[in-house]
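Q: I am sharing my_file.cif, which consists of mmCIF, C-alpha atoms:
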data_data
#
loop_
_atom_site.label_atom_id
_atom_site.label_comp_id
_atom_site.auth_asym_id
_atom_site.auth_seq_id
_atom_site.Cartn_x
_atom_site.Cartn_y
_atom_site.Cartn_z
CA MET A 1 107.99 111.77 123.20
CA ALA A 2 110.11 109.49 121.00
CA PHE A 3 109.78 106.99 118.20
CA HIS A 4 110.59 103.39 119.07
CA GLU A 5 112.02 101.48 116.11
CA VAL A 6 110.08 98.34 117.02
CA ARG A 7 107.24 96.73 115.08
CA PHE A 8 103.83 95.87 116.49
CA PRO A 9 103.44 92.03 116.55
CA ASP A 10 102.83 90.77 112.99
CA ASN A 11 100.51 87.94 114.00
CA ILE A 12 98.12 90.51 115.53
CA SER A 13 98.45 93.25 112.91
CA ARG A 14 97.50 90.71 110.22
CA GLY A 15 93.93 90.74 111.53
CA ALA A 16 93.62 94.52 111.91
CA ARG A 17 91.07 96.75 110.22
CA GLY A 18 91.76 100.17 108.81
CA GLY A 19 93.26 102.18 105.99
CA PRO A 20 93.80 105.71 104.66
CA GLU A 21 91.77 108.67 105.86
CA ARG A 22 91.51 112.16 104.39
CA ARG A 23 90.01 115.38 105.70
CA THR A 24 87.72 117.25 103.28
CA GLN A 25 85.57 120.29 104.03
CA ILE A 26 82.29 120.35 102.09
CA VAL A 27 80.03 123.40 101.94
CA GLU A 28 76.59 123.00 100.37
CA LEU A 29 75.44 126.14 98.58
CA ALA A 30 71.88 127.39 98.39
CA SER A 31 71.67 126.11 94.82
CA GLY A 32 72.48 122.58 95.97
CA ALA A 33 75.96 122.71 94.46
CA GLU A 34 78.98 121.93 96.60
CA GLU A 35 82.31 123.52 97.30
CA ARG A 36 84.96 121.04 98.43
CA ASN A 37 88.32 121.82 99.95
CA ALA A 38 91.05 119.42 101.06
CA SER A 39 92.16 120.25 104.61
CA TRP A 40 95.03 117.74 104.43
CA ALA A 41 97.51 117.55 101.57
CA ASN A 42 98.29 113.94 102.51
CA SER A 43 96.23 111.06 103.80
CA ARG A 44 96.63 109.61 107.28
CA ARG A 45 96.05 105.98 108.17
CA ARG A 46 93.96 104.73 111.05
CA TYR A 47 93.71 101.13 112.28
CA ASP A 48 92.00 99.03 114.93
CA VAL A 49 94.08 96.03 115.97
CA ALA A 50 91.60 94.51 118.43
CA TYR A 51 90.33 92.24 115.64
CA GLY A 52 93.72 90.49 115.48
CA ILE A 53 93.58 89.20 119.06
CA ARG A 54 92.63 85.52 119.02
CA ARG A 55 94.34 84.07 122.12
CA ALA A 56 95.08 85.09 125.69
CA ASP A 57 98.76 85.28 124.76
CA ASP A 58 97.92 87.83 122.04
CA LEU A 59 96.13 89.93 124.63
CA ALA A 60 99.13 89.79 126.96
CA ALA A 61 101.46 90.80 124.12
CA VAL A 62 99.33 93.85 123.27
CA VAL A 63 99.11 94.96 126.91
CA ALA A 64 102.90 94.65 127.25
CA PHE A 65 103.45 96.56 123.99
CA PHE A 66 101.01 99.28 125.13
CA GLU A 67 102.74 99.68 128.49
CA ALA A 68 106.20 99.81 126.90
CA ARG A 69 105.03 102.64 124.61
CA ASN A 70 103.47 104.56 127.56
CA GLY A 71 100.10 104.60 125.82
CA ARG A 72 99.92 107.39 123.27
CA LEU A 73 103.32 108.85 124.17
CA HIS A 74 105.71 106.95 121.88
CA GLY A 75 105.37 105.98 118.24
CA PHE A 76 106.23 102.62 116.71
CA ARG A 77 106.20 100.64 113.47
CA PHE A 78 103.11 98.88 112.15
CA LYS A 79 102.85 96.52 109.17
CA ASP A 80 99.79 97.32 107.06
CA TRP A 81 99.22 93.94 105.41
CA ALA A 82 97.06 95.59 102.74
CA ASP A 83 99.83 97.98 101.66
CA PHE A 84 103.46 97.24 102.60
CA LYS A 85 105.27 96.82 99.27
CA SER A 86 106.56 99.05 96.49
CA CYS A 87 104.78 96.77 94.01
CA LEU A 88 101.43 94.99 93.69
CA PRO A 89 100.55 92.61 96.56
CA SER A 90 101.04 89.55 94.34
CA GLN A 91 104.51 90.63 93.21
CA THR A 92 107.99 90.75 94.74
CA PRO A 93 109.61 94.19 95.18
CA GLY A 94 112.25 95.02 92.56
CA PRO A 95 114.68 97.92 92.02
CA THR A 96 112.60 99.54 89.26
CA ASP A 97 109.25 99.60 91.12
CA GLN A 98 109.06 103.24 92.19
CA PRO A 99 110.64 106.45 90.82
CA ILE A 100 112.29 108.38 93.65
CA GLY A 101 114.09 111.10 91.75
CA THR A 102 116.28 112.22 88.87
CA GLY A 103 119.98 112.91 89.18
CA ASN A 104 121.32 116.44 88.72
CA GLY A 105 125.02 115.77 89.25
CA SER A 106 125.13 117.25 92.77
CA ALA A 107 122.28 115.81 94.88
CA THR A 108 123.17 112.70 96.88
CA LEU A 109 120.09 112.45 99.13
CA PHE A 110 116.74 111.10 97.89
CA GLN A 111 113.59 110.26 99.83
CA ILE A 112 111.98 106.87 99.25
CA THR A 113 108.44 107.37 97.95
CA LYS A 114 105.51 105.37 96.64
CA ARG A 115 103.21 106.67 93.90
CA TYR A 116 99.51 105.83 93.79
CA THR A 117 98.06 106.29 90.30
CA SER A 118 94.53 106.09 88.92
CA GLY A 119 93.96 107.34 85.40
CA ALA A 120 95.66 110.69 84.89
CA GLN A 121 95.80 111.45 88.63
CA SER A 122 98.43 110.34 91.12
CA TRP A 123 99.55 110.99 94.68
CA THR A 124 103.07 110.47 96.01
CA ARG A 125 103.57 109.18 99.55
CA ALA A 126 106.84 109.66 101.44
CA ILE A 127 108.05 106.34 102.87
CA THR A 128 109.91 107.06 106.12
CA LYS A 129 110.06 103.56 107.60
CA PRO A 130 111.43 101.12 104.99
CA VAL A 131 112.22 97.61 106.21
CA ALA A 132 115.91 96.78 106.54
CA GLY A 133 117.19 94.24 104.04
CA THR A 134 114.37 94.78 101.52
CA ILE A 135 115.57 97.93 99.71
CA THR A 136 117.01 97.70 96.20
CA ILE A 137 118.10 100.60 93.95
CA ALA A 138 118.49 101.06 90.20
CA LEU A 139 119.93 103.86 88.06
CA ASN A 140 118.38 104.10 84.61
CA GLY A 141 117.01 100.60 85.15
CA THR A 142 120.37 99.05 86.12
CA PRO A 143 120.41 97.55 89.64
CA GLN A 144 123.05 99.01 91.95
CA ALA A 145 124.51 96.61 94.49
CA SER A 146 126.73 99.27 96.10
CA GLY A 147 127.43 102.99 96.09
CA TRP A 148 124.48 103.89 98.29
CA SER A 149 123.13 103.48 101.81
CA VAL A 150 119.69 103.88 103.35
CA SER A 151 118.40 105.07 106.70
CA THR A 152 115.57 102.80 107.82
CA ALA A 153 114.59 105.47 110.38
CA THR A 154 113.96 108.21 107.79
CA GLY A 155 113.72 106.53 104.38
CA LEU A 156 116.56 108.66 102.98
CA ILE A 157 118.85 107.14 100.34
CA THR A 158 122.42 108.49 100.36
CA PHE A 159 124.60 107.97 97.28
CA THR A 160 128.38 107.92 97.59
CA THR A 161 128.60 109.73 94.24
CA ALA A 162 125.82 112.00 93.04
CA PRO A 163 123.88 110.44 90.13
CA ALA A 164 124.62 112.18 86.82
CA PRO A 165 122.13 114.70 85.40
CA GLY A 166 119.04 113.05 83.91
CA VAL A 167 119.64 109.64 85.48
CA ALA A 168 116.39 108.03 86.63
CA ILE A 169 116.58 106.75 90.21
CA THR A 170 114.18 103.97 91.20
CA ALA A 171 113.72 101.73 94.21
CA GLY A 172 111.97 98.62 95.45
CA PHE A 173 111.22 97.97 99.11
CA GLU A 174 108.91 96.85 101.86
CA PHE A 175 107.84 99.39 104.47
CA ASP A 176 106.07 99.94 107.77
CA VAL A 177 103.71 102.72 108.85
CA PRO A 178 104.77 104.99 111.75
CA VAL A 179 101.87 104.97 114.22
CA ARG A 180 100.96 105.54 117.85
CA PHE A 181 98.17 104.25 120.05
CA ASP A 182 95.15 106.54 119.83
CA THR A 183 94.03 105.80 123.37
CA ASP A 184 95.58 105.98 126.82
CA ALA A 185 93.33 103.23 128.20
CA LEU A 186 92.84 99.58 127.29
CA ASP A 187 89.39 98.30 128.28
CA VAL A 188 90.08 94.59 128.87
CA THR A 189 87.14 92.21 129.39
CA LEU A 190 87.81 88.84 131.01
CA ASP A 191 85.33 86.06 130.21
CA LEU A 192 84.68 82.92 132.26
CA GLU A 193 87.54 81.04 130.58
CA ARG A 194 89.81 84.03 131.24
CA LEU A 195 90.72 84.32 127.58
CA GLY A 196 90.03 88.02 127.63
CA SER A 197 89.23 90.55 124.92
CA ILE A 198 89.55 94.25 124.15
CA THR A 199 86.70 96.00 122.33
CA SER A 200 88.90 98.49 120.47
CA ILE A 201 92.62 99.25 120.15
CA PRO A 202 92.90 102.25 117.81
CA LEU A 203 96.16 103.23 116.13
CA MET A 204 96.82 106.50 114.31
CA GLU A 205 99.53 107.21 111.73
CA ILE A 206 101.99 109.89 112.76
CA ARG A 207 103.96 112.16 110.48
CA THR A 208 107.65 111.77 111.19
#
Will you turn the file into structure tokens for me?
A:
Amino acid sequence: MAFHEVRFPDNISRGARGGPERRTQIVELASGAEERNASWANSRRRYDVAYGIRRADDLAAVVAFFEARNGRLHGFRFKDWADFKSCLPSQTPGPTDQPIGTGNGSATLFQITKRYTSGAQSWTRAITKPVAGTITIALNGTPQASGWSVSTATGLITFTTAPAPGVAITAGFEFDVPVRFDTDALDVTLDLERLGSITSIPLMEIRT
């Protein structure tokens, strides 16, 4: 298996349904109380892109994309239109959007992350598929035009010189979700006008 650094067609993904999924085990006790345990430390996203197909050409594009990925075998990029920025949906990504680390004078590698916060609780998501040309970096709030590089295949930021101890490292970016098809068969229905439709095209996030 391999990961193909190609994005699922944007005009079809825009109409997809889906979002984050978690796995929680719940045991109901004799008293009626519950014991809950998180099976997954991190969420996993699931989508259905069949809802984005509006024309026969869309259908042909999905079939071609499916065949090129060998069904479930190879992963690819997917734009989640509900969550693809380091900032709020109405805003433009900026270099101080997300904290990604603190300098210690020796570390030069930092993973791009996005933090989801509600009240006193938060969860940090590793971003492994940032979009080329959208990443900006700041040190202690000062934008850095040079002195760093980024791998869009892993989401790792590499600094030429290690940030000094205590320096806050932040980033702004757009990102894709690494996914694969969650089926090895496409059930295509052709109507009288030969427009065609597919009942379901499930995608599953993969951990890279």
Q: In Å, how far is it from CA of His4 (chain A) to CA of Ala171 (chain A)?
A: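 Atom-to-atom, CA of His4 (chain A) to CA of Ala171 (chain A), that is 25.1 Å.
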Q: Mind giving me the straight-line distance from CA of Met1 (chain A) to CA of Ala38 (chain A) in Å, one decimal?
A: 28.9 Å
Q: Nearest to Glu21 (chain A): which of A:Thr189, A:Ser43, A:Gln111, A:Thr134 is it, counting all atoms listed in the file?
A: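 For Glu21 (chain A), the nearest of the candidates is A:Ser43.
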Q: Just say which residues the PyMOL selection byres ((chain A and resi 150) around 12) picks in this file, as number ranges by chain.
A: A: 108-112, 127-137, 146-149, 151-160, 171, 173
Q: Can you pull out every residue within 6 Å of region 82-86 of chain A, counting only C-alpha atoms, but drop anything in the same chain fewer than 2 positions away, and send it as a short mmCIF file (atom, residue, chain, number, x, y, z; two decimals) with C-alpha atoms, keeping the file's coordinate frame?
A:
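Below is the file selection-v7.cif, written as the result:
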data_model
loop_
_atom_site.label_atom_id
_atom_site.label_comp_id
_atom_site.auth_asym_id
_atom_site.auth_seq_id
_atom_site.Cartn_x
_atom_site.Cartn_y
_atom_site.Cartn_z
CA ASP A 80 99.79 97.32 107.06
CA PRO A 93 109.61 94.19 95.18
CA GLY A 172 111.97 98.62 95.45
CA PHE A 173 111.22 97.97 99.11
CA GLU A 174 108.91 96.85 101.86
CA PHE A 175 107.84 99.39 104.47
#
